[in-house]
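Next up, work.csv (CSV, C-alpha atoms):
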```csv
chain,number,residue,atom,x,y,z
A,199,MET,CA,26.8,22.3,12.7
A,200,PHE,CA,24.1,20.7,14.9
A,201,GLY,CA,21.9,23.6,14.0
A,202,ILE,CA,22.3,23.0,10.3
A,203,GLY,CA,21.7,19.2,10.7
A,204,ILE,CA,18.6,19.7,12.9
A,205,GLY,CA,17.3,22.4,10.6
A,206,LEU,CA,17.7,20.1,7.6
A,207,MET,CA,15.9,17.3,9.4
A,208,MET,CA,13.0,19.6,10.3
A,209,PHE,CA,12.8,20.7,6.7
A,210,GLY,CA,12.8,17.1,5.6
A,211,TYR,CA,10.0,16.3,8.1
A,212,TRP,CA,7.9,19.2,6.9
A,213,ARG,CA,8.2,18.1,3.3
A,214,LEU,CA,7.3,14.5,4.3
A,215,PHE,CA,4.2,15.6,6.1
A,216,LYS,CA,3.1,17.8,3.3
A,217,TRP,CA,3.5,14.9,0.8
A,218,ASN,CA,1.6,12.5,3.1
A,219,ARG,CA,-1.3,14.9,3.2
A,220,GLU,CA,-1.3,15.2,-0.5
A,221,ARG,CA,-1.2,11.4,-0.8
A,222,ARG,CA,-4.1,11.2,1.6
A,223,ARG,CA,-6.1,13.5,-0.7
A,224,LEU,CA,-5.2,11.4,-3.7
A,225,GLN,CA,-6.3,8.3,-1.9
A,226,ILE,CA,-9.6,9.9,-0.9
A,227,GLU,CA,-10.1,10.7,-4.6
A,228,GLU,CA,-9.5,7.1,-5.7
A,229,MET,CA,-11.7,5.8,-3.0
A,230,GLU,CA,-14.5,8.2,-4.1
A,231,ALA,CA,-14.2,6.8,-7.6
A,232,ARG,CA,-14.9,3.4,-6.1
A,233,ILE,CA,-17.7,4.7,-4.0
A,234,ALA,CA,-19.4,6.2,-7.0
A,235,LEU,CA,-19.2,2.9,-9.0
A,236,MET,CA,-20.4,0.6,-6.2
A,237,PRO,CA,-24.1,0.4,-7.1
A,238,LEU,CA,-23.2,-0.6,-10.7
A,239,LEU,CA,-20.8,-3.3,-9.6
A,240,GLN,CA,-23.1,-4.5,-6.8
A,241,ALA,CA,-26.0,-4.8,-9.2
A,242,GLU,CA,-23.9,-6.7,-11.7
A,243,HIS,CA,-22.7,-9.1,-9.0
A,244,ASP,CA,-26.2,-9.7,-7.8
A,245,ARG,CA,-27.4,-10.5,-11.3
A,246,ARG,CA,-24.5,-12.8,-11.9
A,247,THR,CA,-25.1,-14.7,-8.7
A,248,LEU,CA,-28.8,-15.1,-9.4
A,249,ARG,CA,-28.1,-16.2,-12.9
A,250,MET,CA,-25.7,-18.9,-11.8
A,251,LEU,CA,-28.1,-20.1,-9.1
A,252,ARG,CA,-30.9,-20.4,-11.8
A,253,GLU,CA,-28.6,-22.3,-14.1
A,254,ASN,CA,-27.5,-24.6,-11.2
A,255,LEU,CA,-31.1,-25.2,-10.3
A,256,GLU,CA,-32.0,-26.2,-13.8
A,257,GLU,CA,-29.0,-28.5,-14.0
A,258,GLU,CA,-29.9,-30.1,-10.7
A,259,ALA,CA,-33.4,-30.8,-12.0
A,260,VAL,CA,-31.9,-32.5,-15.0
A,261,LEU,CA,-29.3,-34.5,-13.2
A,262,MET,CA,-31.3,-35.7,-10.2
A,263,LYS,CA,-34.6,-36.6,-11.9
A,264,ASP,CA,-34.1,-40.3,-11.3
A,265,VAL,CA,-33.2,-40.2,-7.7
A,266,PRO,CA,-36.2,-41.0,-5.5
A,267,GLY,CA,-37.2,-38.6,-2.7
A,268,TRP,CA,-35.0,-35.7,-3.9
A,269,LYS,CA,-36.6,-32.2,-3.9
A,270,VAL,CA,-35.0,-30.0,-6.5
A,271,GLY,CA,-33.7,-26.7,-5.1
A,272,GLU,CA,-34.2,-27.8,-1.5
A,273,SER,CA,-32.4,-25.4,0.9
A,274,VAL,CA,-30.2,-26.9,3.6
A,275,PHE,CA,-31.3,-24.3,6.2
A,276,HIS,CA,-34.5,-24.0,8.2
A,277,THR,CA,-34.9,-20.3,7.6
A,278,ASP,CA,-36.3,-18.8,4.4
A,279,ARG,CA,-34.2,-15.7,4.3
A,280,TRP,CA,-31.6,-15.1,1.7
A,281,VAL,CA,-28.3,-16.7,2.4
A,282,THR,CA,-25.4,-15.6,0.2
A,283,PRO,CA,-24.3,-18.8,-1.6
A,284,LEU,CA,-20.7,-20.0,-1.2
A,285,SER,CA,-18.4,-19.6,-4.2
A,286,GLU,CA,-17.8,-23.4,-4.3
A,287,GLU,CA,-21.5,-23.9,-4.5
A,288,LEU,CA,-22.0,-21.4,-7.3
A,289,PHE,CA,-19.1,-22.5,-9.4
A,290,ASN,CA,-19.8,-26.2,-8.9
A,291,LEU,CA,-20.5,-26.9,-12.6
A,292,HIS,CA,-18.0,-24.4,-14.0
A,293,PRO,CA,-14.3,-25.1,-14.6
A,294,ARG,CA,-12.1,-24.9,-11.6
A,295,GLU,CA,-10.2,-22.0,-13.1
A,296,GLU,CA,-13.2,-19.7,-12.7
A,297,LEU,CA,-13.5,-20.6,-9.0
A,298,LEU,CA,-9.9,-19.8,-8.4
A,299,HIS,CA,-10.2,-16.5,-10.3
A,300,LYS,CA,-13.2,-15.5,-8.2
A,301,ARG,CA,-11.5,-16.4,-4.9
A,302,PHE,CA,-7.9,-15.4,-5.5
A,303,GLY,CA,-8.0,-13.2,-8.6
A,304,PHE,CA,-8.4,-9.9,-6.8
A,305,LEU,CA,-6.8,-9.5,-3.4
A,306,TRP,CA,-6.6,-5.9,-2.4
A,307,TYR,CA,-6.9,-2.3,-3.6
A,308,VAL,CA,-3.4,-1.0,-4.3
B,61,MET,CA,-38.9,-28.1,7.4
B,62,PRO,CA,-36.4,-27.0,4.9
B,63,THR,CA,-37.8,-24.6,2.4
B,64,THR,CA,-37.1,-24.3,-1.4
B,65,LEU,CA,-34.8,-21.6,-2.6
B,66,GLU,CA,-36.7,-19.2,-4.9
B,67,VAL,CA,-34.6,-18.0,-7.7
B,68,PRO,CA,-36.0,-15.6,-10.3
B,69,ALA,CA,-36.1,-16.9,-13.9
B,70,LEU,CA,-33.5,-16.0,-16.5
B,71,HIS,CA,-35.7,-13.7,-18.5
B,72,GLU,CA,-36.3,-11.6,-15.4
B,73,LEU,CA,-32.6,-11.1,-14.9
B,74,ASN,CA,-32.0,-9.8,-18.4
B,75,VAL,CA,-30.9,-6.2,-18.3
B,76,ASP,CA,-29.1,-4.1,-20.8
B,77,GLU,CA,-25.5,-4.3,-19.6
B,78,ILE,CA,-22.9,-1.7,-19.9
B,79,LYS,CA,-20.1,-3.2,-22.0
B,80,VAL,CA,-17.3,-1.0,-20.9
B,81,SER,CA,-13.9,-1.7,-19.4
B,82,SER,CA,-12.7,-0.7,-15.9
B,83,ALA,CA,-10.5,2.3,-17.0
B,84,VAL,CA,-13.5,3.9,-18.7
B,85,LEU,CA,-15.6,3.5,-15.6
B,86,LYS,CA,-13.0,4.9,-13.4
B,87,ALA,CA,-12.4,7.9,-15.7
B,88,ALA,CA,-16.1,8.8,-15.6
B,89,ALA,CA,-16.6,7.8,-11.9
B,90,HIS,CA,-16.7,11.3,-10.4
B,91,HIS,CA,-19.2,12.7,-12.8
B,92,TYR,CA,-21.2,9.5,-12.7
B,93,GLY,CA,-21.4,9.8,-8.9
B,94,SER,CA,-22.8,13.3,-9.1
B,95,GLN,CA,-25.1,12.7,-12.0
B,96,CYS,CA,-26.6,9.3,-11.4
B,97,ASP,CA,-26.8,9.9,-7.7
B,98,LYS,CA,-30.6,9.2,-7.1
B,99,PRO,CA,-31.0,5.7,-8.5
B,100,ASN,CA,-27.7,4.6,-7.1
B,101,LYS,CA,-28.6,5.7,-3.6
B,102,GLU,CA,-32.0,4.1,-3.8
B,103,PHE,CA,-30.5,0.8,-5.0
B,104,MET,CA,-28.0,0.7,-2.2
B,105,LEU,CA,-30.7,1.6,0.4
B,106,CYS,CA,-32.9,-1.2,-0.9
B,107,ARG,CA,-30.0,-3.6,-0.9
B,108,TRP,CA,-29.0,-2.8,2.7
B,109,GLU,CA,-32.5,-2.7,4.1
B,110,GLU,CA,-33.9,-5.8,2.6
B,111,LYS,CA,-30.7,-7.8,2.7
B,112,ASP,CA,-31.9,-9.8,-0.3
B,113,PRO,CA,-30.8,-9.2,-3.9
B,114,ARG,CA,-33.9,-10.7,-5.3
B,115,LYS,CA,-36.0,-7.9,-4.0
B,116,CYS,CA,-33.9,-5.1,-5.5
B,117,LEU,CA,-33.8,-6.2,-9.2
B,118,GLU,CA,-36.0,-3.3,-10.2
B,119,GLU,CA,-33.8,-0.7,-8.7
B,120,GLY,CA,-30.8,-2.4,-10.2
B,121,ARG,CA,-32.5,-2.1,-13.6
B,122,LYS,CA,-32.9,1.7,-13.0
B,123,VAL,CA,-29.2,2.0,-12.1
B,124,ASN,CA,-28.3,0.4,-15.3
B,125,GLU,CA,-30.6,2.7,-17.3
B,126,CYS,CA,-29.2,5.8,-15.7
B,127,ALA,CA,-25.6,4.6,-16.3
B,128,LEU,CA,-26.5,3.9,-20.0
B,129,ASN,CA,-28.0,7.3,-20.4
B,130,PHE,CA,-24.9,8.9,-18.8
B,131,PHE,CA,-22.5,7.1,-21.1
B,132,ARG,CA,-24.7,7.9,-24.1
B,133,GLN,CA,-24.6,11.6,-23.2
B,134,ILE,CA,-20.8,11.6,-22.9
B,135,LYS,CA,-20.4,9.7,-26.1
B,136,GLY,CA,-22.7,12.2,-27.9
B,137,ASN,CA,-20.9,15.3,-26.6
B,138,CYS,CA,-17.4,14.9,-25.4
B,139,ALA,CA,-16.2,11.7,-27.0
B,140,GLU,CA,-12.7,12.7,-28.1
B,141,SER,CA,-11.5,14.2,-24.8
B,142,PHE,CA,-13.1,11.3,-22.9
B,143,THR,CA,-11.3,8.8,-25.1
B,144,GLU,CA,-8.0,10.5,-24.5
B,145,TYR,CA,-8.6,10.7,-20.8
B,146,TRP,CA,-9.4,7.0,-20.4
B,147,THR,CA,-6.6,5.9,-22.7
B,148,CYS,CA,-4.2,7.9,-20.6
B,149,LEU,CA,-5.6,6.2,-17.4
B,150,ASP,CA,-5.4,2.8,-19.0
B,151,TYR,CA,-1.7,3.4,-19.9
B,152,SER,CA,-0.7,4.0,-16.3
B,153,GLY,CA,-0.1,0.9,-14.2
B,154,MET,CA,-2.7,1.2,-11.5
B,155,THR,CA,-5.1,3.6,-13.3
B,156,GLU,CA,-3.8,6.4,-11.0
B,157,LEU,CA,-5.8,9.5,-11.4
B,158,ARG,CA,-2.9,11.8,-10.6
B,159,ARG,CA,-1.0,10.8,-13.8
B,160,CYS,CA,-3.6,12.2,-16.1
B,161,ARG,CA,-4.4,15.7,-14.7
B,162,GLN,CA,-4.0,17.5,-18.0
B,163,GLN,CA,-6.5,15.3,-19.9
B,164,GLN,CA,-8.8,15.5,-16.9
B,165,GLN,CA,-8.8,19.3,-17.1
B,166,VAL,CA,-9.7,19.1,-20.8
B,167,PHE,CA,-12.5,16.6,-20.3
B,168,ASP,CA,-13.9,18.6,-17.3
B,169,SER,CA,-14.0,21.8,-19.2
B,170,CYS,CA,-15.6,20.1,-22.2
B,171,VAL,CA,-18.3,18.5,-20.1
B,172,LEU,CA,-18.9,21.8,-18.2
B,173,ASP,CA,-19.3,23.7,-21.5
B,174,LYS,CA,-21.5,21.3,-23.3
B,175,LEU,CA,-23.5,19.6,-20.5
B,176,GLY,CA,-23.1,21.9,-17.5
B,177,TRP,CA,-21.9,19.2,-15.2
B,178,GLU,CA,-19.4,20.1,-12.5
B,179,ARG,CA,-16.9,17.7,-11.1
B,180,PRO,CA,-17.7,17.2,-7.4
B,181,ASP,CA,-15.0,18.5,-5.0
B,182,LEU,CA,-13.0,16.2,-2.8
B,183,GLY,CA,-15.1,14.6,-0.2
B,184,GLU,CA,-18.5,15.3,-1.7
B,185,LEU,CA,-19.2,11.8,-2.9
B,186,SER,CA,-18.4,10.3,0.5
B,187,LYS,CA,-20.8,12.4,2.4
B,188,VAL,CA,-23.6,10.6,4.3
B,189,THR,CA,-27.0,11.4,2.6
B,190,LYS,CA,-30.6,10.7,3.5
B,191,VAL,CA,-32.6,9.0,0.8
B,192,SER,CA,-36.4,9.1,0.6
B,193,THR,CA,-38.1,6.2,-1.2
B,194,PRO,CA,-41.8,5.3,-1.7
B,195,ARG,CA,-40.8,1.8,-0.6
B,196,ALA,CA,-41.7,1.0,3.0
B,197,LEU,CA,-39.2,-0.2,5.5
B,198,PRO,CA,-39.3,-4.0,5.6
B,199,GLU,CA,-40.3,-5.5,8.9
B,200,ASN,CA,-38.2,-8.4,10.1
B,201,PRO,CA,-35.7,-8.6,7.3
B,202,TYR,CA,-33.9,-11.3,9.1
B,203,HIS,CA,-37.0,-13.5,9.2
B,204,SER,CA,-36.4,-14.1,12.9
B,205,ARG,CA,-38.9,-16.1,15.0
B,206,ALA,CA,-41.1,-14.4,17.6
B,207,ARG,CA,-39.2,-13.1,20.5
B,208,PRO,CA,-40.0,-14.6,23.9
B,209,GLU,CA,-42.0,-12.5,26.4
B,210,PRO,CA,-40.1,-10.5,28.9
B,211,ASN,CA,-39.8,-11.8,32.5
B,212,PRO,CA,-42.7,-11.0,34.7
B,213,VAL,CA,-42.2,-8.3,37.4
B,214,ILE,CA,-41.2,-9.7,40.7
B,215,GLU,CA,-44.0,-9.2,43.3
B,216,GLY,CA,-43.3,-9.0,47.0
B,217,LYS,CA,-40.6,-7.5,49.2
B,218,LEU,CA,-37.0,-8.1,48.1
B,219,GLU,CA,-34.5,-8.3,50.9
B,220,PRO,CA,-30.7,-8.2,50.7
B,221,SER,CA,-29.2,-11.7,50.9
B,222,LYS,CA,-28.2,-12.9,54.3
B,223,TYR,CA,-24.5,-13.7,53.8
B,224,GLY,CA,-23.6,-11.3,51.0
B,225,SER,CA,-22.8,-12.1,47.4
B,226,ARG,CA,-21.1,-15.5,48.2
B,227,LEU,CA,-18.8,-14.9,45.2
B,228,PHE,CA,-15.8,-17.1,45.8
B,229,PHE,CA,-14.6,-16.1,49.3
B,230,TRP,CA,-16.2,-12.7,49.6
B,231,ASN,CA,-19.0,-12.6,52.0
B,232,TRP,CA,-20.2,-9.0,51.5
```

Mind converting the file's structure to structure tokens?
Amino acid sequence: MFGIGIGLMMFGYWRLFKWNRERRRLQIEEMEARIALMPLLQAEHDRRTLRMLRENLEEEAVLMKDVPGWKVGESVFHTDRWVTPLSEELFNLHPREELLHKRFGFLWYV
Amino acid sequence: MPTTLEVPALHELNVDEIKVSSAVLKAAAHHYGSQCDKPNKEFMLCRWEEKDPRKCLEEGRKVNECALNFFRQIKGNCAESFTEYWTCLDYSGMTELRRCRQQQQVFDSCVLDKLGWERPDLGELSKVTKVSTPRALPENPYHSRARPEPNPVIEGKLEPSKYGSRLFFWNW
């Protein structure tokens, strides 16, 4: 009786391990699809960020032209390397829904 | 002295975009990874070395060109099987690749016959590769200031201390 029970358990474990390995292979495949598409998505993201920064800069020049002593596009840091802009800063002049979509729209892969 | 942020003008950012949805991209991802490998890897190398998206706009443009050519070739040759494949993927909830194996086989054989492309095996796209570019390695990508000079070498005879390390109560 015990033998049958333990044998059945072993068989169940073996099937489980096999399916887990198969799932791992499937997960690798899906991750590889993501790896293959990364440059495209990264390039689009970069262009989008730079486009929004450009539009914000031009809006700033328009809005602050009467304020004395304001340098348009002045950076708040002392360094001159690229700092990734915050989402709030980028989406400042866009409706709030877009900021929420950027921050909370996509949470995790599967 | 705070510096001005330099952002490229809008006309420099204009690139022919790929107007295609996510299921289409995922369907073609494996073949895209093996065909458009070179410009992709160069763009990622540039991005990671320079740490500045403004310096990698040219490579990004080449990535887009390669992707556009890739999709044009598929559309020209294997349009029906590709459409079936990605509609099947779109139908499944999380665009799982395992739900559409049959259509994938049809698409793969079509692409192999007409264009000679082979689908890369499992694990081939995630291998680490070396990329050779004409672009030189950037010095000081973090724009750090000059490092201070190292301490001068101590001249003279160094003796062990008289009462030990004197750390808390240890006197050895």

Within 12 Å of file point (-23.4, -16.4, 1.2), counting all atoms listed in the file, expressed as a PyMOL selection string: (chain A and resi 244+247-248+251+279-288) or (chain B and resi 111-113)

**Asked** Quick one: distance from atom CA of Leu157 of chain B to atom CA of Phe142 of chain B in Å, one decimal?
**Response**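 These atoms are spaced 13.7 Å apart.
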
re atom CA of Arg219 of chain A and atom CA of Gly93 of chain B: distance 24.0 Å

(Q) I'd like the contact shell of segment 70-75 of chain B - 12 Å cut-off, all atoms listed in the file, skipping same-chain residues fewer than 2 positions apart - returned as number ranges by chain. (A) A: 241-256; B: 67-68, 77-79, 113-125, 128

How many Å separate atom CA of Ser82 of chain B from atom CA of Ile233 of chain A?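 We find that atom CA of Ser82 of chain B and atom CA of Ile233 of chain A lie 14.0 Å from each other.
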
Determine, for each residue of chain B having at least one atom at most 6 Å from an atom of chain A, the closest pair of atoms and their separation in Å to one decimal, counting only C-alpha atoms; order by chain and ascending number, as a Markdown table.
```
| residue | atom | partner | partner_atom | distance |
| --- | --- | --- | --- | --- |
| B:Pro62 | CA | A:His276 | CA | 4.8 |
| B:Thr63 | CA | A:Ser273 | CA | 5.7 |
| B:Thr64 | CA | A:Glu272 | CA | 4.5 |
| B:Leu65 | CA | A:Ser273 | CA | 5.7 |
| B:Ala89 | CA | A:Ala231 | CA | 5.0 |
| B:His90 | CA | A:Ala231 | CA | 5.9 |
| B:Gly93 | CA | A:Ala234 | CA | 4.5 |
| B:Asn100 | CA | A:Pro237 | CA | 5.5 |
| B:Asp112 | CA | A:Trp280 | CA | 5.7 |
| B:Gly120 | CA | A:Ala241 | CA | 5.5 |
```

- Rank B:Gln95, B:Glu209, B:Trp232, B:Val84 by their smallest atom-to-atom distance to Glu144 of chain B, using all atoms listed in the file, and report the top residue only.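 With all atoms listed in the file as the atom set, the closest residue is B:Val84.
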
Polymer residues at most 10 Å from segment 131-141 of chain B, all atoms listed in the file, same-chain spacing of 5 or more positions, as a PDB file with C-alpha atoms, keeping the file's coordinate frame:
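result.pdb was written with the following content:
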```
ATOM      1  CA  ILE B  78     -22.900  -1.700 -19.900  1.00  0.00           C
ATOM      2  CA  VAL B  80     -17.300  -1.000 -20.900  1.00  0.00           C
ATOM      3  CA  VAL B  84     -13.500   3.900 -18.700  1.00  0.00           C
ATOM      4  CA  LEU B  85     -15.600   3.500 -15.600  1.00  0.00           C
ATOM      5  CA  ALA B  88     -16.100   8.800 -15.600  1.00  0.00           C
ATOM      6  CA  TYR B  92     -21.200   9.500 -12.700  1.00  0.00           C
ATOM      7  CA  GLU B 125     -30.600   2.700 -17.300  1.00  0.00           C
ATOM      8  CA  CYS B 126     -29.200   5.800 -15.700  1.00  0.00           C
ATOM      9  CA  TRP B 146      -9.400   7.000 -20.400  1.00  0.00           C
ATOM     10  CA  THR B 147      -6.600   5.900 -22.700  1.00  0.00           C
ATOM     11  CA  GLN B 163      -6.500  15.300 -19.900  1.00  0.00           C
ATOM     12  CA  GLN B 164      -8.800  15.500 -16.900  1.00  0.00           C
ATOM     13  CA  GLN B 165      -8.800  19.300 -17.100  1.00  0.00           C
ATOM     14  CA  VAL B 166      -9.700  19.100 -20.800  1.00  0.00           C
ATOM     15  CA  PHE B 167     -12.500  16.600 -20.300  1.00  0.00           C
ATOM     16  CA  ASP B 168     -13.900  18.600 -17.300  1.00  0.00           C
ATOM     17  CA  SER B 169     -14.000  21.800 -19.200  1.00  0.00           C
ATOM     18  CA  CYS B 170     -15.600  20.100 -22.200  1.00  0.00           C
ATOM     19  CA  VAL B 171     -18.300  18.500 -20.100  1.00  0.00           C
ATOM     20  CA  ASP B 173     -19.300  23.700 -21.500  1.00  0.00           C
ATOM     21  CA  LYS B 174     -21.500  21.300 -23.300  1.00  0.00           C
ATOM     22  CA  LEU B 175     -23.500  19.600 -20.500  1.00  0.00           C
TER      23      LEU B 175
END
```

### Query
Of the residues B:Ala127, B:Leu105, B:Cys160, B:Leu172, which is the one nearest to Asp76 of chain B, using all atoms listed in the file?
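Nearest to Asp76 of chain B: B:Ala127.
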